[in-house]
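Asker: Supplied in structure tokens, the structure appears directly below.
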Amino acid sequence: MENIVEQLNPAQREAVVNFEGPSLIVAGAGSGKTRVLTSRIAYMIASGVAPHNILALTFTNKAAAEMRQRIESMIGERSRWIQMGTFHSVFLRILRAEAGRIGYPPAFTIYDTTDSVSLVRSICREMMLGDNEKYKPKNVFSKISRLKNDLITPAVYAEDAEFAAEDRKRGTGQFLEIYKRYTAQCKANGAMDFDDLLLNMVVLFKGHPDVLEKWRERFRYILVDEYQDTNHVQYLIVKALAMGHGNICVVGDDSQSIYSFRGARIENILGFKRDFPSARIYKLEQNYRSTQVIVGAANGVIARNEGSGELKKECFSAGERGENIKLLRAYTDREEAEMVAGEIRTLGRGGNAHGGLAGASSQAGSSRSEPVPWSEIAVLYRVNALSRGIEEALRRRDIPYKIYRGHSFFDRKEIKDLLGYLRLVVNPRDDEAFKRVVNYPARGIGEVTLGRVAAAAREKDISLWEAAVESEDRKIGAFTELVQGLSLRRAEMSLYEFGREVAVRTGIIGIYRAEGSAEGASALENIEELLNSMAAEPDVAIEEDGETTDGGAAGGQAAALTLEDWLGNVALMTDMDSDDDTENRDRVTLMTVHSAKGLEFRHVFIVGLEEELFPLVRDGDSTEIEEERRLFYVALTRAKERSFVSMAGSRFIHGSMAFRRPSRFVREIDRRFLDGSVMDDAMHRGGGGGGFGRADKPTWEPRKVGTPTASYAARNVVPVVPDARFRKVSAAPSRPADGETRTPANSDFAPGTRVAHAKFGRGTVEQVEIMAGAASAADLKITVTFDSPAHGRKTLLSKFAKLEIL
DNA sequence: CGGACGAGGATTTTT
DNA sequence: TCCTCGTCCG
């Protein structure tokens, strides 16, 4: 127990040891927040609290995994009984256990944003609102999402006359009806979207006090990370669970609240003391990460925000003074990128550190003449669009880099398609999954056929799947048989084998194998990665009781990961969770400031420090500016040794060149900490569109269309599985007699055949392929090189292009 | 199906 | 300017 606390400073120690009752830990950037959180949990357990009674909530899987690992290294195997994870994943477990109480099947599906938007789209179409731009599915859905996060259900919405008035004014009178249908459809499909995973917790607790009571008793100690990022529903759930025992510990930093756009409420952390008047507040003010310059500059900047009252803290650096922040001013965005790349080159110069050997020392405070590993350098920007210029400049100098973008691994088509089948197997009511895969791989089920199924479903008020099963259509029959066949085999094999079986038998793998392109290879690789995750160990079931089986390493481990659980995990996972394994290690990192939160680098470049870009605001709303300022604070405090800030006097924005004014944030950095000044430059004086320095001779050059971004070279791919299916098809193009094969002389097409086309004239057949998953041999893909150079080589489908054989 | 084409939009992102 | 999405067409 002593050893847990030993290494902590007094403030940290206080925050760790006093684990009874409500606590608010205000943790400045780099103040050892995770350490305190994990030590506190370890300390609790060492003091006799059962791991089983601890609930620890984070926002990202990454944070949860990191915490779990650190706790495990402190207390070992017992840590697995701690209920730890993201809000969504923990609540998912609870909702699975309680699904029946709120009218959901235990195997309910999770809709990601794409599913949700496409459901909204089909509802809009159904309501003949399809092409009305007041009802763009994306916007409608984001409104629905916002409402749910504020606990405004369709019923609540309907009661409020103001909402109706507002909608009428804006010409969105149908919104409520869409919202209603969306909610009803999700429920009918046995599906919850991301917001439902939170909202339904409130529904569950409100409607079933006994259930709430049960979980309250279970989670006698609750910890919440990044509390400043919680939204209203999350706040309510946490509060509901903590009421009574009051053992709630929230950790956060109001200065780093940067997610209001997705519903985060900084008031949650600011008002914690009001919610729990007996709360004790601990402030972690010593920064272990950065130099005095960086902490000092960041403090100065954030001080411009309206004070945060009780939570106000005074961060100080434990380290050396460090070098000043360097300001890089450029005339153009192109030049800015060059300057940044140049500085990076200088930092990382010196041959052998980057030769692929482990290389440069990474000890803090190492002599500055030593080359810095690329991985210790980051370029941060406010918007992703700024990455391009930086990328090009880095490429020109052969500096390796990697880019983080927001999109999810599970947004990839190949992944969604495979998941679609798996989802359908688990939950046949999932209409979105049905629609996604019913004709993929193509099996000739078109709009008409599908329309009939949909009509039947609507008429009898059953799911698409049920309607499909009843359908007489032969193609639909083939589809349902395929899925039923797969379902049957599910019990016979392990999850991993089953996944593979689905990938192969549906033909998805065949499609990508046949492609033979880099994209196809990467798709196969992604599929492989997905399948591999099916072999993982399951988490401890939420209802398992740690106390009864406690101690034995094998305790409660018999159960294998179920498909339902796996699908749940997968739906709640993102790209971020599965990166840095590869040899992509020693690279400069390019990312948005938002995604850099929580990370640290020795050297950080913050680019595009110009008004209307950073801060990026339309009007001058002070709450918005304050959030932007916090964002800048986050950016600055990522650096351990040195920060660089850069700006350009002119920049291409949406294709046209615009003059830029330096960001107010740069001026807010105390001059003592800044090398180079904004004020004394001609660049600043002119302002506006008028006189920008000597802008008569701009140094920018016309944009070249860059080579396609290829920061991640396609890796060599081992075929996922020898693909018998595709081979068979292509080797035996003649079709088994199924009564529908009266193709006009398909076999006449062969490489070398001379053909004529109505529009393109004459040509020679190069290649003939059967389309994967084709329902009939009529679907031939024919590549023809036309005699006329104007038309060149084209790929045609025999079904459509009326080719004449000469 | 998949390629071609035109319109419209273009923060920040997790789950 | 450039990328994404939806529609049209062979």
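How things are named: the first chain in the structure tokens is A, the next is B, and so on; residues count from 1 in each chain; ligands count from 1 in the order shown.
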Please find the residues of chain A near chain B - the criterion being any atom within 7 Å, counting only C-alpha atoms (C1' of nucleotides) - and write them as a ChimeraX atom specification.
Answerer: /A:59-60,88,194,383,406,572,594
Asker: Find the spatial neighbours of A:Glu668, counting only C-alpha atoms (C1' of nucleotides), within a cut-off of 10 Å - ignore same-chain residues fewer than 5 positions away - and output them as a list of chain:residue names.
Answerer: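 Near neighbours after the sequence-gap exclusion: A:Ala297, A:Ala298, A:Gly300, A:Val301, A:Ile302, A:Ala303, A:Arg304, A:Arg629, A:Ser663.
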Asker: Could you give me, as a ChimeraX atom specification, the residues within 12 Å of A:Thr562, counting only C-alpha atoms (C1' of nucleotides) and dropping anything in the same chain fewer than 5 positions from it?
Answerer: /A:107,422,426,490-491,493-496,498-499,534-539,541,567-569
Asker: Write out, as a short mmCIF file (atom, residue, chain, number, x, y, z; two decimals), in the first residue's frame, the residues just selected, with N, CA and C atoms.
Answerer:
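Output below, filename part_23.cif:
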```cif
data_model
loop_
_atom_site.label_atom_id
_atom_site.label_comp_id
_atom_site.auth_asym_id
_atom_site.auth_seq_id
_atom_site.Cartn_x
_atom_site.Cartn_y
_atom_site.Cartn_z
N ALA A 107 -29.94 -9.69 -27.85
CA ALA A 107 -28.95 -9.64 -28.93
C ALA A 107 -29.14 -8.40 -29.80
N LEU A 422 -22.99 -10.74 -40.49
CA LEU A 422 -22.92 -11.24 -39.12
C LEU A 422 -24.06 -10.68 -38.28
N VAL A 426 -27.19 -12.70 -36.32
CA VAL A 426 -27.50 -12.53 -34.90
C VAL A 426 -28.90 -11.96 -34.70
N ARG A 490 -23.20 -21.88 -37.46
CA ARG A 490 -22.64 -21.06 -36.40
C ARG A 490 -22.31 -21.90 -35.16
N ALA A 491 -23.18 -22.83 -34.84
CA ALA A 491 -22.98 -23.62 -33.64
C ALA A 491 -21.85 -24.62 -33.78
N MET A 493 -18.88 -24.35 -35.04
CA MET A 493 -17.47 -23.94 -35.08
C MET A 493 -17.19 -22.77 -34.16
N SER A 494 -15.92 -22.49 -34.04
CA SER A 494 -15.53 -21.36 -33.21
C SER A 494 -15.94 -20.07 -33.90
N LEU A 495 -15.96 -19.01 -33.12
CA LEU A 495 -16.34 -17.72 -33.66
C LEU A 495 -15.44 -17.33 -34.83
N TYR A 496 -14.16 -17.56 -34.63
CA TYR A 496 -13.21 -17.19 -35.66
C TYR A 496 -13.47 -17.97 -36.95
N PHE A 498 -16.17 -19.29 -37.83
CA PHE A 498 -17.46 -18.87 -38.38
C PHE A 498 -17.31 -17.58 -39.19
N GLY A 499 -16.57 -16.65 -38.64
CA GLY A 499 -16.33 -15.39 -39.33
C GLY A 499 -15.72 -15.63 -40.71
N MET A 534 -11.69 -11.85 -33.70
CA MET A 534 -12.70 -12.81 -33.22
C MET A 534 -12.08 -13.89 -32.35
N ALA A 535 -10.78 -13.98 -32.42
CA ALA A 535 -10.11 -15.01 -31.63
C ALA A 535 -9.76 -14.51 -30.24
N ALA A 536 -10.16 -13.27 -29.94
CA ALA A 536 -9.78 -12.69 -28.65
C ALA A 536 -10.50 -13.34 -27.48
N GLU A 537 -9.94 -13.13 -26.33
CA GLU A 537 -10.55 -13.60 -25.08
C GLU A 537 -11.72 -12.70 -24.73
N PRO A 538 -12.77 -13.27 -24.21
CA PRO A 538 -13.89 -12.42 -23.79
C PRO A 538 -13.56 -11.68 -22.50
N ASP A 539 -14.23 -10.56 -22.31
CA ASP A 539 -14.12 -9.87 -21.02
C ASP A 539 -14.88 -10.67 -19.97
N ALA A 541 -17.78 -11.38 -17.75
CA ALA A 541 -19.18 -11.01 -17.89
C ALA A 541 -19.57 -10.07 -16.77
N LEU A 567 -19.70 -8.50 -31.74
CA LEU A 567 -20.30 -7.43 -32.56
C LEU A 567 -20.42 -6.15 -31.76
N GLY A 568 -20.78 -6.30 -30.50
CA GLY A 568 -20.88 -5.12 -29.65
C GLY A 568 -19.54 -4.42 -29.50
N ASN A 569 -18.53 -5.21 -29.19
CA ASN A 569 -17.20 -4.63 -29.03
C ASN A 569 -16.76 -3.91 -30.29
#
```
Asker: Could you pull out all residues of stretch 55-302 of chain A with a DSSP call of helix (DSSP H, G or I) and give them as a PyMOL selection string?
Answerer: chain A and resi 61-81+87-102+113-126+133-135+137-149+154-159+161-170+175-188+194-207+209-218+227-229+232-242+254-256+260-262+266-270+272-275+292-302
Asker: Any chance you can output those residues with C-alpha atoms as a compact mmCIF listing (two decimals), in the first residue's frame?
Answerer:
```txt
# COMPACT_ATOMS: atom_id res chain seq x y z
CA ASN A 61 -11.15 2.58 -25.57
CA LYS A 62 -7.57 3.64 -25.65
CA ALA A 63 -7.79 5.41 -22.33
CA ALA A 64 -9.57 2.45 -20.80
CA ALA A 65 -7.00 -0.01 -22.08
CA GLU A 66 -4.14 2.10 -20.84
CA MET A 67 -5.67 2.36 -17.43
CA ARG A 68 -6.41 -1.29 -17.20
CA GLN A 69 -2.88 -2.15 -18.12
CA ARG A 70 -1.39 0.16 -15.57
CA ILE A 71 -3.60 -1.11 -12.82
CA GLU A 72 -2.81 -4.65 -13.74
CA SER A 73 0.86 -3.95 -13.43
CA MET A 74 0.22 -2.64 -9.94
CA ILE A 75 -2.19 -5.19 -8.53
CA GLY A 76 -2.10 -8.02 -11.02
CA GLU A 77 -4.85 -10.37 -11.99
CA ARG A 78 -7.48 -9.02 -9.66
CA SER A 79 -7.79 -5.95 -11.84
CA ARG A 80 -9.87 -7.89 -14.29
CA TRP A 81 -12.87 -7.68 -12.01
CA PHE A 87 -19.36 4.85 -21.17
CA HIS A 88 -20.75 3.12 -24.20
CA SER A 89 -19.14 -0.23 -23.64
CA VAL A 90 -20.00 -0.50 -19.97
CA PHE A 91 -23.57 0.60 -20.57
CA LEU A 92 -23.81 -1.83 -23.43
CA ARG A 93 -22.99 -4.65 -21.05
CA ILE A 94 -25.61 -3.48 -18.62
CA LEU A 95 -28.20 -3.03 -21.33
CA ARG A 96 -27.55 -6.50 -22.70
CA ALA A 97 -28.20 -7.88 -19.28
CA GLU A 98 -31.37 -5.83 -18.84
CA ALA A 99 -32.60 -5.61 -22.41
CA GLY A 100 -35.84 -7.41 -21.68
CA ARG A 101 -36.88 -4.78 -19.19
CA ILE A 102 -37.05 -2.11 -21.83
CA THR A 113 -23.62 6.73 -37.45
CA THR A 114 -23.70 5.47 -41.00
CA ASP A 115 -26.53 3.07 -40.22
CA SER A 116 -28.44 5.80 -38.46
CA VAL A 117 -28.09 8.26 -41.28
CA SER A 118 -29.16 5.72 -43.83
CA LEU A 119 -32.19 4.84 -41.76
CA VAL A 120 -33.11 8.50 -41.62
CA ARG A 121 -32.60 8.67 -45.36
CA SER A 122 -35.01 5.86 -46.02
CA ILE A 123 -37.57 7.36 -43.67
CA CYS A 124 -37.32 10.67 -45.48
CA ARG A 125 -37.81 8.94 -48.78
CA GLU A 126 -40.78 7.08 -47.43
CA GLU A 133 -32.99 19.96 -48.71
CA LYS A 134 -34.56 20.96 -45.42
CA TYR A 135 -34.39 17.31 -44.54
CA PRO A 137 -30.46 12.98 -43.56
CA LYS A 138 -27.17 13.95 -42.04
CA ASN A 139 -28.56 17.11 -40.52
CA VAL A 140 -31.76 15.47 -39.40
CA PHE A 141 -29.79 12.77 -37.69
CA SER A 142 -27.45 15.14 -35.95
CA LYS A 143 -30.45 16.98 -34.61
CA ILE A 144 -31.91 13.72 -33.37
CA SER A 145 -28.62 12.90 -31.75
CA ARG A 146 -28.42 16.24 -30.02
CA LEU A 147 -31.95 15.90 -28.73
CA LYS A 148 -31.30 12.46 -27.37
CA ASN A 149 -28.23 13.65 -25.58
CA PRO A 154 -40.12 12.42 -29.43
CA ALA A 155 -42.74 12.54 -26.71
CA VAL A 156 -41.02 15.40 -24.92
CA TYR A 157 -40.48 17.16 -28.21
CA ALA A 158 -44.14 16.82 -29.07
CA GLU A 159 -45.21 18.40 -25.83
CA ALA A 161 -44.94 24.08 -28.34
CA GLU A 162 -41.75 25.99 -28.86
CA PHE A 163 -40.17 23.18 -30.80
CA ALA A 164 -43.18 22.99 -33.06
CA ALA A 165 -43.15 26.73 -33.58
CA GLU A 166 -39.48 26.70 -34.36
CA ASP A 167 -39.91 23.90 -36.87
CA ARG A 168 -42.78 25.67 -38.53
CA LYS A 169 -40.73 28.80 -38.84
CA ARG A 170 -37.87 26.93 -40.36
CA PHE A 175 -39.12 16.72 -38.24
CA LEU A 176 -41.06 15.32 -35.33
CA GLU A 177 -42.64 12.67 -37.53
CA ILE A 178 -39.21 11.64 -38.80
CA TYR A 179 -37.89 11.52 -35.28
CA LYS A 180 -40.82 9.37 -34.18
CA ARG A 181 -40.41 6.96 -37.05
CA TYR A 182 -36.69 6.78 -36.56
CA THR A 183 -37.10 5.84 -32.94
CA ALA A 184 -39.85 3.34 -33.69
CA GLN A 185 -37.90 1.78 -36.52
CA CYS A 186 -34.79 1.33 -34.42
CA LYS A 187 -36.82 -0.40 -31.80
CA ALA A 188 -38.61 -2.58 -34.32
CA PHE A 194 -24.82 5.15 -30.03
CA ASP A 195 -27.00 7.66 -28.28
CA ASP A 196 -29.48 4.97 -27.29
CA LEU A 197 -26.77 3.21 -25.34
CA LEU A 198 -26.80 6.20 -23.05
CA LEU A 199 -30.42 7.25 -23.29
CA ASN A 200 -31.75 3.78 -22.61
CA MET A 201 -29.80 3.67 -19.39
CA VAL A 202 -31.90 6.57 -18.21
CA VAL A 203 -35.04 4.89 -19.51
CA LEU A 204 -34.07 1.72 -17.71
CA PHE A 205 -33.31 3.40 -14.42
CA LYS A 206 -36.36 5.63 -14.51
CA GLY A 207 -38.73 2.82 -15.27
CA PRO A 209 -36.01 1.56 -9.67
CA ASP A 210 -35.16 -1.97 -8.58
CA VAL A 211 -32.70 -2.25 -11.44
CA LEU A 212 -31.12 1.05 -10.58
CA GLU A 213 -30.85 -0.07 -7.00
CA LYS A 214 -29.14 -3.27 -8.03
CA TRP A 215 -26.46 -1.49 -10.03
CA ARG A 216 -26.03 1.15 -7.40
CA GLU A 217 -25.19 -1.51 -4.93
CA ARG A 218 -22.91 -3.17 -7.37
CA TYR A 227 -15.36 14.64 -16.69
CA GLN A 228 -15.35 17.96 -18.51
CA ASP A 229 -16.29 16.04 -21.66
CA HIS A 232 -26.04 15.70 -20.24
CA VAL A 233 -27.16 12.07 -20.38
CA GLN A 234 -23.84 10.78 -19.18
CA TYR A 235 -24.03 13.23 -16.35
CA LEU A 236 -27.47 12.03 -15.35
CA ILE A 237 -26.52 8.38 -15.41
CA VAL A 238 -23.42 8.90 -13.36
CA LYS A 239 -25.34 10.98 -10.89
CA ALA A 240 -28.10 8.41 -10.63
CA LEU A 241 -25.62 5.66 -9.91
CA ALA A 242 -23.68 7.69 -7.37
CA ASP A 254 -12.00 22.54 -17.41
CA SER A 255 -9.19 24.19 -19.35
CA GLN A 256 -9.20 21.26 -21.70
CA SER A 260 -18.93 21.18 -26.71
CA PHE A 261 -19.77 20.66 -30.37
CA ARG A 262 -20.66 17.11 -29.60
CA ILE A 266 -18.23 22.07 -19.18
CA GLU A 267 -20.83 22.98 -16.54
CA ASN A 268 -20.80 19.38 -15.37
CA ILE A 269 -17.34 19.76 -13.95
CA LEU A 270 -17.84 23.37 -12.90
CA PHE A 272 -19.77 19.26 -9.39
CA LYS A 273 -19.60 20.85 -6.00
CA ARG A 274 -23.19 21.95 -6.35
CA ASP A 275 -24.28 18.40 -7.15
CA GLN A 292 8.59 26.26 -17.81
CA VAL A 293 8.31 28.19 -21.04
CA ILE A 294 5.55 26.00 -22.31
CA VAL A 295 3.61 25.88 -19.09
CA GLY A 296 4.07 29.61 -18.58
CA ALA A 297 2.93 30.46 -22.07
CA ALA A 298 -0.06 28.15 -21.81
CA ASN A 299 -1.06 29.60 -18.44
CA GLY A 300 -0.88 33.09 -19.85
CA VAL A 301 -3.10 32.20 -22.75
CA ILE A 302 -5.75 30.36 -20.78
```
Asker: Please find the residues of chain C near chain A - the criterion being any atom within 12 Å, counting only C-alpha atoms (C1' of nucleotides) - and write them as a PyMOL selection string.
Answerer: chain C and resi 1-3+5-6+9-10
Asker: Have a look at atom CA of A:Asn53 and atom CA of A:Lys283 and let me know their distance in Å, one decimal.
Answerer: 25.9 Å
Asker: So the first atom is atom CA of A:Leu311 and the second is atom CA of A:Asp253; what is the distance between them in Å, to one decimal place?
Answerer: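 About the pair atom CA of A:Leu311 and atom CA of A:Asp253: they are 8.6 Å apart.
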Asker: Quick one, how far is atom CA of A:Thr38 from atom CA of A:Val16?
Answerer: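 According to the coordinates, atom CA of A:Thr38 and atom CA of A:Val16 are separated by 8.8 Å.
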